[in-house]
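> So here's protein-v3.txt, just compact mmCIF, C-alpha atoms:
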```txt
# COMPACT_ATOMS: atom_id res chain seq x y z
CA MET A 1 0.00 0.00 0.00
CA LYS A 2 1.28 3.46 -0.81
CA ARG A 3 2.09 5.79 2.04
CA LEU A 4 1.05 9.41 1.68
CA LYS A 5 3.29 12.20 2.84
CA GLY A 6 2.11 14.85 5.27
CA GLY A 7 1.51 18.32 3.86
CA PHE A 8 0.15 16.82 0.64
CA MET A 9 -3.37 18.17 1.11
CA LYS A 10 -2.59 21.68 -0.11
CA ASP A 11 -1.49 20.20 -3.44
CA ILE A 12 -4.09 17.48 -3.71
CA PHE A 13 -6.75 19.20 -5.79
CA PRO A 14 -4.33 20.81 -8.28
CA LYS A 15 -2.88 17.33 -8.87
CA ILE A 16 -6.31 15.75 -9.24
CA LYS A 17 -7.47 18.59 -11.50
CA GLU A 18 -4.38 18.22 -13.68
CA LYS A 19 -4.90 14.49 -14.07
CA LEU A 20 -8.60 14.90 -14.87
CA PHE A 21 -7.82 17.68 -17.34
CA GLU A 22 -5.33 15.46 -19.14
CA ILE A 23 -7.83 12.62 -19.33
CA CYS A 24 -10.62 14.85 -20.62
CA SER A 25 -8.35 16.59 -23.12
CA SER A 26 -7.23 13.27 -24.57
CA GLN A 27 -10.89 12.39 -25.14
CA ASP A 28 -11.74 15.81 -26.65
CA LEU A 29 -14.34 16.39 -23.96
CA LEU A 30 -13.32 19.93 -23.05
CA THR A 31 -14.38 21.39 -26.40
CA GLN A 32 -17.78 19.74 -26.36
CA PRO A 33 -20.79 21.65 -25.02
CA VAL A 34 -21.43 19.11 -22.24
CA ARG A 35 -23.79 20.03 -19.45
CA VAL A 36 -23.15 18.80 -15.92
CA LYS A 37 -25.71 18.94 -13.18
CA ALA A 38 -25.31 18.01 -9.53
CA ARG A 39 -28.37 17.66 -7.36
CA VAL A 40 -29.12 16.64 -3.80
CA LEU A 41 -30.61 13.16 -3.38
CA THR A 42 -33.35 12.39 -0.92
CA THR A 43 -32.56 9.73 1.68
CA GLN A 44 -34.79 7.22 -0.10
CA GLU A 45 -33.05 7.86 -3.43
CA ALA A 46 -29.60 7.61 -1.86
CA ILE A 47 -29.75 4.52 0.37
CA GLY A 48 -33.28 3.13 0.17
CA ASN A 49 -34.41 1.40 3.37
CA PRO A 50 -31.42 -0.11 5.24
CA GLU A 51 -33.64 -1.20 8.17
CA ALA A 52 -31.78 1.05 10.59
CA ASP A 53 -32.03 4.73 11.46
CA ASP A 54 -28.46 5.62 12.45
CA PHE A 55 -26.89 6.54 9.10
CA PRO A 56 -25.73 10.17 8.73
CA LEU A 57 -27.90 10.54 5.64
CA GLN A 58 -31.01 9.60 7.59
CA LYS A 59 -30.19 12.05 10.37
CA GLY A 60 -29.94 14.97 7.96
CA LYS A 61 -26.29 15.73 8.66
CA GLU A 62 -25.06 15.04 5.14
CA ARG A 63 -26.48 14.64 1.67
CA LEU A 64 -25.28 13.00 -1.50
CA MET A 65 -24.59 15.31 -4.41
CA GLN A 66 -25.11 13.51 -7.71
CA ALA A 67 -23.54 14.65 -10.96
CA GLU A 68 -24.65 13.44 -14.37
CA PHE A 69 -22.29 13.50 -17.33
CA GLN A 70 -23.44 12.11 -20.66
CA GLY A 71 -25.69 9.60 -18.94
CA SER A 72 -23.20 8.46 -16.31
CA MET A 73 -23.55 9.43 -12.66
CA GLY A 74 -21.18 10.03 -9.79
CA GLN A 75 -21.78 11.04 -6.18
CA ALA A 76 -20.11 12.82 -3.28
CA PHE A 77 -21.10 13.23 0.37
CA THR A 78 -21.20 16.79 1.67
CA ASP A 79 -22.70 18.89 4.44
CA ARG A 80 -23.02 21.90 2.09
CA TYR A 81 -25.25 21.02 -0.78
CA GLY A 82 -27.19 22.54 -3.63
CA ASP A 83 -27.50 22.47 -7.41
CA PHE A 84 -24.92 23.28 -10.07
CA GLU A 85 -25.25 23.39 -13.81
CA GLY A 86 -22.59 24.22 -16.37
CA ILE A 87 -20.04 22.65 -18.68
CA LEU A 88 -17.10 20.44 -17.81
CA LYS A 89 -14.56 23.21 -18.38
CA ASP A 90 -16.35 25.34 -15.77
CA VAL A 91 -15.98 22.60 -13.16
CA LEU A 92 -12.28 22.13 -13.93
CA LYS A 93 -11.69 25.88 -13.56
CA MET A 94 -13.74 26.21 -10.39
CA SER A 95 -12.02 27.48 -7.26
CA LEU A 96 -12.53 24.80 -4.61
CA GLU A 97 -12.57 26.87 -1.45
CA ASN A 98 -15.59 25.29 0.25
CA ASN A 99 -17.33 21.95 0.72
CA PHE A 100 -20.06 22.70 -1.80
CA ARG A 101 -17.65 23.43 -4.63
CA ARG A 102 -15.46 20.48 -3.74
CA ALA A 103 -18.55 18.24 -3.77
CA VAL A 104 -19.49 19.51 -7.23
CA PHE A 105 -15.97 18.82 -8.50
CA VAL A 106 -15.63 15.39 -6.86
CA SER A 107 -19.05 14.10 -7.93
CA THR A 108 -18.41 15.40 -11.46
CA ALA A 109 -15.01 13.70 -11.61
CA ASN A 110 -16.65 10.45 -10.56
CA ALA A 111 -19.31 10.78 -13.26
CA VAL A 112 -16.78 11.65 -15.99
CA LEU A 113 -14.44 8.78 -15.14
CA ARG A 114 -17.37 6.39 -15.00
CA HIS A 115 -18.50 7.60 -18.44
CA LEU A 116 -15.00 6.85 -19.74
CA GLY A 117 -15.02 3.37 -18.18
CA LYS A 118 -12.11 4.14 -15.84
CA VAL A 119 -14.02 3.66 -12.57
CA GLU A 120 -17.06 1.73 -11.40
CA GLN A 121 -19.13 1.78 -8.23
CA THR A 122 -19.77 5.51 -8.06
CA LEU A 123 -23.31 5.22 -6.62
CA HIS A 124 -24.02 4.53 -2.94
CA CYS A 125 -25.20 1.07 -1.90
CA ARG A 126 -28.80 0.67 -0.77
CA ASP A 127 -31.14 -1.23 1.54
CA LYS A 128 -29.28 -4.20 3.11
CA GLU A 129 -26.09 -3.64 1.12
CA PRO A 130 -24.31 -1.38 3.69
CA ALA A 131 -24.40 -4.21 6.24
CA ALA A 132 -23.09 -6.70 3.68
CA CYS A 133 -20.30 -4.28 2.69
CA ALA A 134 -19.26 -3.84 6.32
CA ALA A 135 -18.98 -7.60 6.83
CA GLU A 136 -16.95 -7.92 3.63
CA LEU A 137 -14.67 -5.06 4.72
CA ALA A 138 -13.83 -6.88 7.95
CA SER A 139 -13.05 -10.04 6.00
CA TYR A 140 -10.95 -8.11 3.48
CA ILE A 141 -8.82 -6.46 6.17
CA LYS A 142 -8.34 -9.70 8.07
CA ARG A 143 -7.36 -11.55 4.89
CA LYS A 144 -4.97 -8.89 3.56
CA TYR A 145 -3.52 -7.39 6.74
CA GLY A 146 -4.33 -9.79 9.55
CA ARG A 147 -5.61 -8.71 12.95
CA MET A 148 -4.41 -5.21 13.71
CA LYS A 149 -5.43 -1.99 15.43
CA LEU A 150 -7.77 0.02 13.22
CA GLY A 151 -8.60 3.70 13.19
CA LEU A 152 -11.96 4.26 11.47
CA ILE A 153 -12.28 7.82 10.23
CA GLY A 154 -15.95 8.72 9.85
CA PHE A 155 -18.81 7.13 11.78
CA GLN A 156 -20.41 4.50 9.55
CA PRO A 157 -22.61 2.47 11.89
CA ARG A 158 -22.51 -0.88 10.13
CA MET A 159 -18.72 -0.65 9.76
CA VAL A 160 -18.30 0.17 13.45
CA GLU A 161 -20.54 -2.75 14.32
CA SER A 162 -18.65 -5.20 12.10
CA LEU A 163 -15.08 -4.03 12.73
CA SER A 164 -15.44 -3.67 16.52
CA ALA A 165 -16.40 -7.34 16.77
CA GLN A 166 -13.12 -8.47 15.19
CA PHE A 167 -10.49 -5.75 15.70
CA SER A 168 -9.20 -3.28 18.25
CA LEU A 169 -10.95 -0.17 17.00
CA ARG A 170 -10.99 3.59 17.52
CA VAL A 171 -13.50 5.77 15.69
CA LEU A 172 -13.24 9.49 14.88
CA ASP A 173 -16.11 11.66 13.69
CA LEU A 174 -16.97 15.34 13.18
CA ASP A 175 -20.62 15.20 14.28
CA PRO A 176 -20.92 16.69 17.81
CA GLU A 177 -23.95 14.45 18.44
CA ASN A 178 -21.79 11.37 17.92
CA ILE A 179 -18.67 12.50 19.77
CA GLY A 180 -18.52 11.03 23.26
CA SER A 181 -21.29 8.53 22.64
CA VAL A 182 -20.72 4.79 22.81
CA LYS A 183 -21.61 2.84 19.68
CA PHE A 184 -21.20 -0.94 19.69
CA GLN A 185 -18.97 -0.67 22.77
CA VAL A 186 -16.71 1.90 21.09
CA THR A 187 -16.51 5.52 22.27
CA ILE A 188 -16.70 7.92 19.32
CA GLU A 189 -13.88 10.47 19.49
CA GLY A 190 -13.61 13.96 18.03
CA PRO A 191 -11.08 15.50 15.62
CA GLU A 192 -8.87 16.71 18.47
CA ARG A 193 -7.89 13.06 19.01
CA ALA A 194 -6.88 12.51 15.38
CA ARG A 195 -3.13 12.63 15.95
CA GLU A 196 -3.29 10.31 18.95
CA ALA A 197 -5.53 7.81 17.15
CA GLN A 198 -3.28 7.87 14.10
CA ALA A 199 -0.24 7.07 16.24
CA TRP A 200 -2.13 4.21 17.93
CA ALA A 201 -3.53 2.54 14.81
CA ASP A 202 -1.76 0.16 12.45
CA LEU A 203 -4.17 0.94 9.60
CA LEU A 204 -6.46 3.92 9.02
CA VAL A 205 -9.77 3.15 7.32
CA VAL A 206 -10.81 6.55 6.00
CA THR A 207 -14.08 7.77 4.55
CA GLY A 208 -13.77 9.38 1.12
CA THR A 209 -15.80 12.29 2.50
CA THR A 210 -12.53 13.64 3.93
CA LEU A 211 -11.67 14.64 0.36
CA VAL A 212 -14.68 16.98 0.27
CA ASN A 213 -14.59 18.37 3.81
CA GLY A 214 -10.87 19.17 3.72
CA THR A 215 -9.79 16.88 6.60
CA LEU A 216 -7.85 14.35 4.52
CA LYS A 217 -4.63 16.17 5.39
CA ASP A 218 -5.05 15.14 9.03
CA PHE A 219 -4.58 11.48 8.13
CA LEU A 220 -1.75 11.64 5.62
CA GLY A 221 1.51 10.45 7.08
CA ALA A 222 3.37 7.38 8.12
CA LYS A 223 0.39 5.02 8.53
CA PRO A 224 -1.17 3.01 5.69
CA LEU A 225 -4.57 4.22 4.48
CA LEU A 226 -7.53 2.29 3.14
CA PHE A 227 -10.26 4.55 1.78
CA TYR A 228 -13.88 3.51 1.64
CA GLY A 229 -16.99 4.79 -0.12
CA THR A 230 -18.12 6.19 -3.44
CA THR A 231 -16.99 9.79 -2.91
CA ILE A 232 -13.31 9.06 -3.46
CA ALA A 233 -13.75 6.67 -6.41
CA GLY A 234 -12.33 8.94 -9.11
CA ALA A 235 -9.57 10.47 -6.99
CA ALA A 236 -8.46 7.03 -5.77
CA HIS A 237 -8.18 5.86 -9.38
CA MET A 238 -6.20 8.89 -10.50
CA MET A 239 -3.91 9.01 -7.45
CA GLY A 240 -3.36 5.26 -7.06
CA TRP A 241 -4.99 5.04 -3.61
CA GLU A 242 -6.51 1.82 -2.26
CA ARG A 243 -10.31 1.93 -1.97
CA PHE A 244 -12.82 -0.58 -0.65
CA CYS A 245 -16.45 -0.27 -1.75
CA SER A 246 -17.89 -3.71 -2.39
CA ARG A 247 -21.63 -3.12 -2.72
CA SER A 248 -21.93 0.25 -4.43
CA HIS A 249 -23.32 0.54 -7.93
```
Turn the structure described in the file into structure tokens.

Amino acid sequence: MKRLKGGFMKDIFPKIKEKLFEICSSQDLLTQPVRVKARVLTTQEAIGNPEADDFPLQKGKERLMQAEFQGSMGQAFTDRYGDFEGILKDVLKMSLENNFRRAVFVSTANAVLRHLGKVEQTLHCRDKEPAACAAELASYIKRKYGRMKLGLIGFQPRMVESLSAQFSLRVLDLDPENIGSVKFQVTIEGPERAREAQAWADLLVVTGTTLVNGTLKDFLGAKPLLFYGTTIAGAAHMMGWERFCSRSH
């Protein structure tokens, strides 16, 4: 697994933009009058009925932005959401100074790369699939890395439930309602514990949402990273990062 150097975050979007620009230029997409639209999905559209009520989407903390590019779709989690409509060149030139703009860019990148056949699984899993994915994640980590101390970045209830049963686990989250609570016998910690948790863990399992909310830089360093989720699909492909997302579409 590649290790990511600290301080990389400030250069991350220019590098991703450059790679996406090169890909789109080689396909002559930048000169075409392509329209891109990102919209906010309802909870039912995003994850269906997972038979639980503890997902961030269901609690109204985050929404999925969905971009459509020539019939292909890509998504990104964000806490700042709304609509965007324009052409691909506009998205590539966009200044990414807030979560909304980063979500537009990330979801668009996912849709474009899916259209080109470079990535798959850019749409969130639904119904009972999150629980199945969490079980498969635990098996994947055990098979590839063995039993180790895990730092889970981002509260994903089914993953906490599955991983805590098989590994030593610490969980970090940004939601004040989660911080300090005990979920599946694990106390959810806040961002102020990020450095301590990173030093403790052997492997960091990191939500792709960190790409949109600007916190990815807090977890780049000496420890191996395994990203999960649809949000980071395109970036993981372009940057050569490991991603696990077994039940997405």
> Interatomic distance between atom CA of A:Thr230 and atom CA of A:Thr122?
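If I compute the distance from atom CA of A:Thr230 to atom CA of A:Thr122, I get 5.0 Å.
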> I need the residue nearest A:His249 from this list: A:Met73, A:Ala135, A:Val36, A:Val206. Use only C-alpha atoms for the distance.
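When distances to A:His249 are compared using only C-alpha atoms, the smallest one comes from A:Met73.
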> How far is it from atom CA of A:Ser72 to atom CA of A:Thr108, in Å with one decimal?
9.7 Å
> Skip A:Val104 itself and residues of its chain fewer than 4 positions away, then list as a ChimeraX atom specification all residues within 12 Å of it, counting all atoms listed in the file.
/A:36-40,64-68,74-78,80-88,90-100,108-111,211-212,231
> What gap, in Å, lies between atom CA of A:Phe167 and atom CA of A:Val205?
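So the answer is 12.2 Å.
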> Which residue is closest to A:Ile16? Choose from A:Ala236, A:Leu152, A:Asn213, A:Val160 and count all atoms listed in the file.
A:Ala236
> Tell me which of A:Lys89, A:Gly154, A:Gly240, A:Gly229 sits closest to A:Ser25, counting only C-alpha atoms.
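Of the candidates, the smallest distance to A:Ser25 is held by A:Lys89.
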> Choose the residue, out of A:Ala103, A:Pro176, A:Arg195, A:Lys118, that has the smallest atom-to-atom separation from A:Gly208; count all atoms listed in the file.
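Using all atoms listed in the file, the shortest distance to A:Gly208 belongs to A:Ala103.
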> Considering all atoms listed in the file, can you say which of A:Arg101, A:Lys183, A:Arg193, A:Arg243 comes closest to A:Thr207?
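Distance minimum relative to A:Thr207 lands on A:Arg243.
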> Could you check the closest approach to A:His237 for each of A:Leu20, A:Ile12, A:Val119, A:Ile188 and tell me which residue wins, using only C-alpha atoms?
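That would be A:Val119, the residue with the smallest distance to A:His237.
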> Please identify all polymer residues within 12 Å of A:Gln156, counting only C-alpha atoms, omitting same-chain residues fewer than 3 positions from it, and present them as a PyMOL selection string.
chain A and resi 52-58+130-131+133-134+152-153+159-164+171-175+178+183-184+188+205-209+228-229
> Hey, what's within 7 Å of stretch 145-150 of chain A if we count only C-alpha atoms and toss same-chain stuff fewer than 2 positions away? As a PyMOL selection string, please?
chain A and resi 141-143+152+167-170+201-205
> List as a compact mmCIF listing (two decimals) with C-alpha atoms, in the coordinates of the input the residues having at least one atom at most 12 Å from position (-12.5, 13.9, -25.2) as given in the file, counting all atoms listed in the file.

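Result went into selection-v2.txt, see below:
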```txt
# COMPACT_ATOMS: atom_id res chain seq x y z
CA LEU A 20 -8.60 14.90 -14.87
CA PHE A 21 -7.82 17.68 -17.34
CA GLU A 22 -5.33 15.46 -19.14
CA ILE A 23 -7.83 12.62 -19.33
CA CYS A 24 -10.62 14.85 -20.62
CA SER A 25 -8.35 16.59 -23.12
CA SER A 26 -7.23 13.27 -24.57
CA GLN A 27 -10.89 12.39 -25.14
CA ASP A 28 -11.74 15.81 -26.65
CA LEU A 29 -14.34 16.39 -23.96
CA LEU A 30 -13.32 19.93 -23.05
CA THR A 31 -14.38 21.39 -26.40
CA GLN A 32 -17.78 19.74 -26.36
CA PRO A 33 -20.79 21.65 -25.02
CA VAL A 34 -21.43 19.11 -22.24
CA GLN A 70 -23.44 12.11 -20.66
CA LEU A 88 -17.10 20.44 -17.81
CA LYS A 89 -14.56 23.21 -18.38
CA VAL A 112 -16.78 11.65 -15.99
CA LEU A 113 -14.44 8.78 -15.14
CA HIS A 115 -18.50 7.60 -18.44
CA LEU A 116 -15.00 6.85 -19.74
```
> Give me the residues near A:Glu242 as an mmCIF file with C-alpha atoms, keeping the file's coordinate frame, where near means some atom within 8 Å (using only C-alpha atoms) and where sequence neighbours in that chain fewer than 4 positions away do not count.

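Output saved as result-v5.cif:
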```cif
data_model
loop_
_atom_site.group_PDB
_atom_site.id
_atom_site.type_symbol
_atom_site.label_atom_id
_atom_site.label_comp_id
_atom_site.auth_asym_id
_atom_site.auth_seq_id
_atom_site.Cartn_x
_atom_site.Cartn_y
_atom_site.Cartn_z
ATOM 1 C CA MET A 1 0.000 0.000 0.000
ATOM 2 C CA LEU A 225 -4.570 4.220 4.480
ATOM 3 C CA LEU A 226 -7.530 2.290 3.140
ATOM 4 C CA PHE A 227 -10.260 4.550 1.780
ATOM 5 C CA ALA A 236 -8.460 7.030 -5.770
#
```
> Where atoms are missing, can you supply N, CA and C atoms for stretch 208-222 of chain A and output the lot as a compact mmCIF listing (two decimals), in the coordinates of the input?

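Resulting contents of part_17.txt:
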```
# COMPACT_ATOMS: atom_id res chain seq x y z
N GLY A 208 -14.10 8.49 2.23
CA GLY A 208 -13.77 9.38 1.12
C GLY A 208 -14.32 10.77 1.30
N THR A 209 -15.24 10.96 2.24
CA THR A 209 -15.80 12.29 2.50
C THR A 209 -14.72 13.26 2.96
N THR A 210 -13.62 12.76 3.51
CA THR A 210 -12.53 13.64 3.93
C THR A 210 -11.96 14.43 2.76
N LEU A 211 -12.13 13.91 1.54
CA LEU A 211 -11.67 14.64 0.36
C LEU A 211 -12.49 15.91 0.16
N VAL A 212 -13.79 15.84 0.47
CA VAL A 212 -14.68 16.98 0.27
C VAL A 212 -14.61 17.95 1.44
N ASN A 213 -14.54 17.45 2.67
CA ASN A 213 -14.59 18.37 3.81
C ASN A 213 -13.22 18.93 4.21
N GLY A 214 -12.18 18.56 3.50
CA GLY A 214 -10.87 19.17 3.72
C GLY A 214 -10.06 18.58 4.87
N THR A 215 -10.51 17.45 5.45
CA THR A 215 -9.79 16.88 6.60
C THR A 215 -8.82 15.77 6.21
N LEU A 216 -8.73 15.44 4.94
CA LEU A 216 -7.85 14.35 4.52
C LEU A 216 -6.42 14.58 4.97
N LYS A 217 -6.01 15.84 5.00
CA LYS A 217 -4.63 16.17 5.39
C LYS A 217 -4.29 15.69 6.79
N ASP A 218 -5.30 15.55 7.65
CA ASP A 218 -5.05 15.14 9.03
C ASP A 218 -4.64 13.68 9.14
N PHE A 219 -4.83 12.92 8.05
CA PHE A 219 -4.58 11.48 8.13
C PHE A 219 -3.50 11.02 7.15
N LEU A 220 -2.84 11.98 6.51
CA LEU A 220 -1.75 11.64 5.62
C LEU A 220 -0.46 11.60 6.42
N GLY A 221 0.27 10.53 6.32
CA GLY A 221 1.51 10.45 7.08
C GLY A 221 2.12 9.08 7.00
N ALA A 222 2.59 8.61 8.12
CA ALA A 222 3.37 7.38 8.12
C ALA A 222 2.52 6.12 8.09
```
